[in-house]
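A.B. asks: Compact mmCIF, C-alpha atoms, saved as entry_27.txt, coming up:
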```txt
# COMPACT_ATOMS: atom_id res chain seq x y z
CA MET A 1 37.77 -60.19 176.98
CA PHE A 2 36.31 -56.67 176.94
CA PHE A 3 37.95 -53.43 178.15
CA ASP A 4 41.16 -55.37 178.82
CA ILE A 5 39.54 -57.23 181.70
CA GLY A 6 40.92 -60.70 182.05
CA PRO A 7 39.09 -63.70 183.44
CA LEU A 8 40.55 -63.30 186.93
CA GLU A 9 39.47 -59.65 187.14
CA LEU A 10 36.00 -60.61 185.93
CA ILE A 11 35.73 -63.28 188.63
CA ALA A 12 36.89 -60.76 191.24
CA ILE A 13 34.21 -58.27 190.08
CA VAL A 14 31.50 -60.96 190.28
CA VAL A 15 32.60 -62.02 193.78
CA LEU A 16 32.70 -58.37 194.89
CA ALA A 17 29.21 -57.76 193.44
CA VAL A 18 27.85 -60.81 195.27
CA LEU A 19 29.40 -59.59 198.52
CA LEU A 20 28.13 -56.01 198.10
CA PHE A 21 24.59 -56.66 196.90
CA GLY A 22 23.96 -60.22 198.06
CA PRO A 23 22.70 -63.11 195.98
CA ASP A 24 19.06 -61.99 196.38
CA LYS A 25 19.42 -58.45 195.01
CA LEU A 26 22.11 -59.17 192.41
CA PRO A 27 19.73 -60.12 189.52
CA LYS A 28 17.74 -56.89 190.06
CA VAL A 29 20.95 -54.80 190.06
CA ILE A 30 22.11 -56.47 186.83
CA GLN A 31 18.73 -55.72 185.19
CA ASP A 32 18.92 -52.09 186.31
CA VAL A 33 22.48 -51.70 184.96
CA THR A 34 21.65 -53.28 181.59
CA GLY A 35 18.51 -51.12 181.31
CA PHE A 36 20.60 -48.02 182.02
CA ILE A 37 23.14 -49.03 179.34
CA ARG A 38 20.30 -49.56 176.81
CA LYS A 39 18.89 -46.09 177.60
CA VAL A 40 22.31 -44.45 177.17
CA ARG A 41 22.82 -46.20 173.80
CA ALA A 42 19.35 -45.17 172.62
CA PHE A 43 19.98 -41.58 173.73
CA SER A 44 23.31 -41.58 171.85
CA ASP A 45 21.75 -43.02 168.68
CA ASN A 46 18.92 -40.46 168.81
CA ALA A 47 21.42 -37.61 169.27
CA LYS A 48 23.45 -38.82 166.27
CA GLN A 49 20.32 -39.06 164.13
CA ASP A 50 19.22 -35.57 165.19
CA ILE A 51 22.60 -34.17 164.21
CA ARG A 52 22.41 -35.91 160.79
CA ASP A 53 18.88 -34.54 160.27
CA GLU A 54 20.00 -31.00 161.14
CA LEU A 55 23.02 -31.17 158.84
CA GLY A 56 20.84 -31.89 155.82
CA PRO A 57 20.65 -34.49 153.08
CA GLU A 58 24.23 -33.97 151.85
CA PHE A 59 25.55 -35.31 155.18
CA GLN A 60 23.43 -38.48 155.38
CA ASP A 61 26.54 -40.63 154.85
CA PHE A 62 28.37 -38.79 157.66
CA GLU A 63 29.79 -41.10 160.32
CA PHE A 64 31.04 -39.86 163.67
CA GLU A 65 33.89 -42.39 163.53
CA ASP A 66 35.24 -40.37 160.58
CA LEU A 67 36.08 -37.56 163.01
CA LYS A 68 38.92 -39.62 164.42
CA PRO A 69 42.11 -38.31 162.75
CA LYS A 70 43.30 -41.73 161.58
CA ASN A 71 39.95 -42.56 159.93
CA PHE A 72 39.62 -39.04 158.50
CA VAL A 73 43.00 -39.24 156.76
CA ARG A 74 42.31 -42.74 155.49
CA LYS A 75 38.93 -41.78 154.02
CA HIS A 76 39.58 -38.30 152.65
CA VAL A 77 43.24 -38.36 151.69
CA LEU A 78 44.39 -41.90 151.01
CA GLU A 79 41.25 -43.15 149.26
CA LYS A 80 41.02 -40.13 146.95
CA ASP A 81 44.80 -40.15 146.35
CA GLU A 82 44.80 -36.61 144.94
CA TYR A 83 48.29 -36.04 146.28
CA GLY A 84 49.92 -39.35 145.32
CA LEU A 85 50.12 -40.50 148.92
CA ARG A 86 49.18 -44.08 148.10
CA GLU A 87 52.60 -44.46 146.49
CA LEU A 88 54.21 -43.17 149.69
CA THR A 89 52.35 -45.71 151.82
CA GLU A 90 53.39 -48.49 149.44
CA LEU A 91 56.97 -47.25 149.62
CA ARG A 92 56.83 -47.13 153.42
CA GLU A 93 55.38 -50.65 153.59
CA GLY A 94 58.07 -51.95 151.23
CA PHE A 95 60.89 -50.41 153.27
CA ASP A 96 62.80 -52.96 155.35
CA LEU A 97 64.69 -51.06 158.03
CA LYS A 98 66.76 -54.03 159.21
CA LYS A 99 67.98 -54.77 155.68
CA GLU A 100 68.81 -51.13 155.03
CA MET A 101 70.72 -50.83 158.30
CA ALA A 102 72.67 -54.02 157.51
CA ASP A 103 73.59 -52.61 154.09
CA VAL A 104 74.77 -49.34 155.64
CA THR A 105 76.77 -51.21 158.28
CA ASP A 106 78.47 -53.33 155.62
CA ALA A 107 79.28 -50.24 153.55
CA VAL A 108 80.80 -48.48 156.57
CA ARG A 109 82.87 -51.52 157.49
CA GLU A 110 84.16 -51.79 153.92
CA SER A 111 85.03 -48.09 153.78
CA THR A 112 86.95 -48.19 157.06
CA ALA A 113 88.99 -51.23 156.05
CA PRO A 114 92.66 -50.30 155.42
CA ARG A 115 93.35 -49.76 151.72
CA SER A 116 96.36 -48.78 149.74
CA ALA A 117 96.69 -45.23 148.37
CA ALA A 118 96.11 -46.44 144.81
CA ALA A 119 92.95 -48.33 145.78
CA SER A 120 91.61 -45.34 147.72
CA ALA A 121 92.36 -43.03 144.79
CA ALA A 122 90.54 -45.38 142.42
CA ALA A 123 87.58 -45.61 144.81
CA ALA A 124 87.44 -41.83 145.12
CA GLY A 125 86.90 -41.53 141.40
CA GLY A 126 90.49 -41.03 140.38
CA SER A 127 91.10 -37.95 142.52
CA ALA A 128 94.38 -38.05 144.35
CA VAL A 129 94.41 -37.65 148.11
CA ASN A 130 97.24 -35.56 149.51
CA LEU A 131 99.08 -37.61 152.13
CA SER A 132 101.76 -35.05 152.93
CA LYS A 133 102.13 -33.50 156.37
CA GLU A 134 101.21 -29.99 155.27
CA ALA A 135 98.21 -28.84 153.27
CA PRO A 136 99.28 -27.22 150.01
CA ALA A 137 98.77 -23.50 149.89
CA ALA A 138 96.61 -21.86 147.27
CA SER A 139 97.97 -19.08 145.10
CA ASP A 140 96.93 -16.39 147.63
CA GLY A 141 98.66 -18.03 150.63
CA ARG A 142 95.55 -19.68 152.11
CA PRO A 143 95.44 -23.45 152.66
CA ASP A 144 93.79 -25.47 149.89
CA MET A 145 90.39 -26.62 151.20
CA PHE A 146 89.78 -29.15 148.40
CA THR A 147 92.60 -31.57 149.12
CA LYS A 148 92.72 -33.64 152.24
CA SER A 149 95.79 -33.50 154.41
CA SER A 150 96.65 -36.22 156.88
CA ALA A 151 96.72 -34.47 160.25
CA PRO A 152 97.67 -30.86 160.97
CA SER A 153 100.59 -30.34 163.30
CA ARG A 154 99.90 -29.19 166.85
CA ARG A 155 101.46 -25.76 166.25
CA GLU A 156 99.56 -25.13 163.05
CA PRO A 157 96.02 -23.71 163.41
CA PRO A 158 93.25 -25.61 161.67
CA PRO A 159 92.30 -24.39 158.19
CA PHE A 160 89.76 -21.58 158.07
CA ASP A 161 87.22 -21.15 155.31
CA TYR A 162 87.01 -17.44 154.51
CA ASP A 163 84.09 -17.91 152.13
CA ALA A 164 81.87 -19.52 154.81
CA THR A 165 81.84 -16.48 157.11
```
Please express what this file holds, its structure, as structure tokens.

C.D. replies:
Amino acid sequence: MFFDIGPLELIAIVVLAVLLFGPDKLPKVIQDVTGFIRKVRAFSDNAKQDIRDELGPEFQDFEFEDLKPKNFVRKHVLEKDEYGLRELTELREGFDLKKEMADVTDAVRESTAPRSAAASAAAAGGSAVNLSKEAPAASDGRPDMFTKSSAPSRREPPPFDYDAT
């Protein structure tokens, strides 16, 4: 209904009001409450109009709801589209996360499937993968960081990239 009050809560409020105020005074209390709500709304509308009058004629179309961040962005950024953000929202709306995740999962499963050395070399763009036990040494005695070795032996320290430090 209103303010997330369901029918059972509304019935409970009515029963509680009848018990608190009694059936004789309840109509008078309801009239007083509705009169108070009307006065608060009128006071709020008058305050908004006074603020618009004080701001001047250039702010006559000013709405207080525009001060909410979501409405402000929608009105001043997305409608003007000075920054090309409408294309980003269309891109975001067209993005299907479940489909993308399924595609990534399929690609990972295909890449982890066992392949022969020739098939893996062809898939890697023709570059050969070193399957020997030791990494080949470069001309200065350092291990070659560009070719992949299978697994280093337990006694051999892992390769160290001197250029990264």

A.B. asks: So what do you get for atom CA of A:Lys39 versus atom CA of A:Phe64, distance-wise?

C.D. replies: 19.5 Å

A.B. asks: What does the distance from atom CA of A:Arg41 to atom CA of A:Leu20 come to in Å, to one decimal?

C.D. replies: 26.7 Å

A.B. asks: Please measure the separation of atom CA of A:Leu8 and atom CA of A:Val29, giving the value in Å to one decimal.

C.D. replies: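 Atom CA of A:Val29 lies 21.6 Å from atom CA of A:Leu8.
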
A.B. asks: So, with only C-alpha atoms as the atoms that count, which of A:Ser111, A:Asp103, A:Ala12, A:Glu63 lies closest to A:Asp45?

C.D. replies: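 Closest to A:Asp45 of all the choices is A:Glu63.
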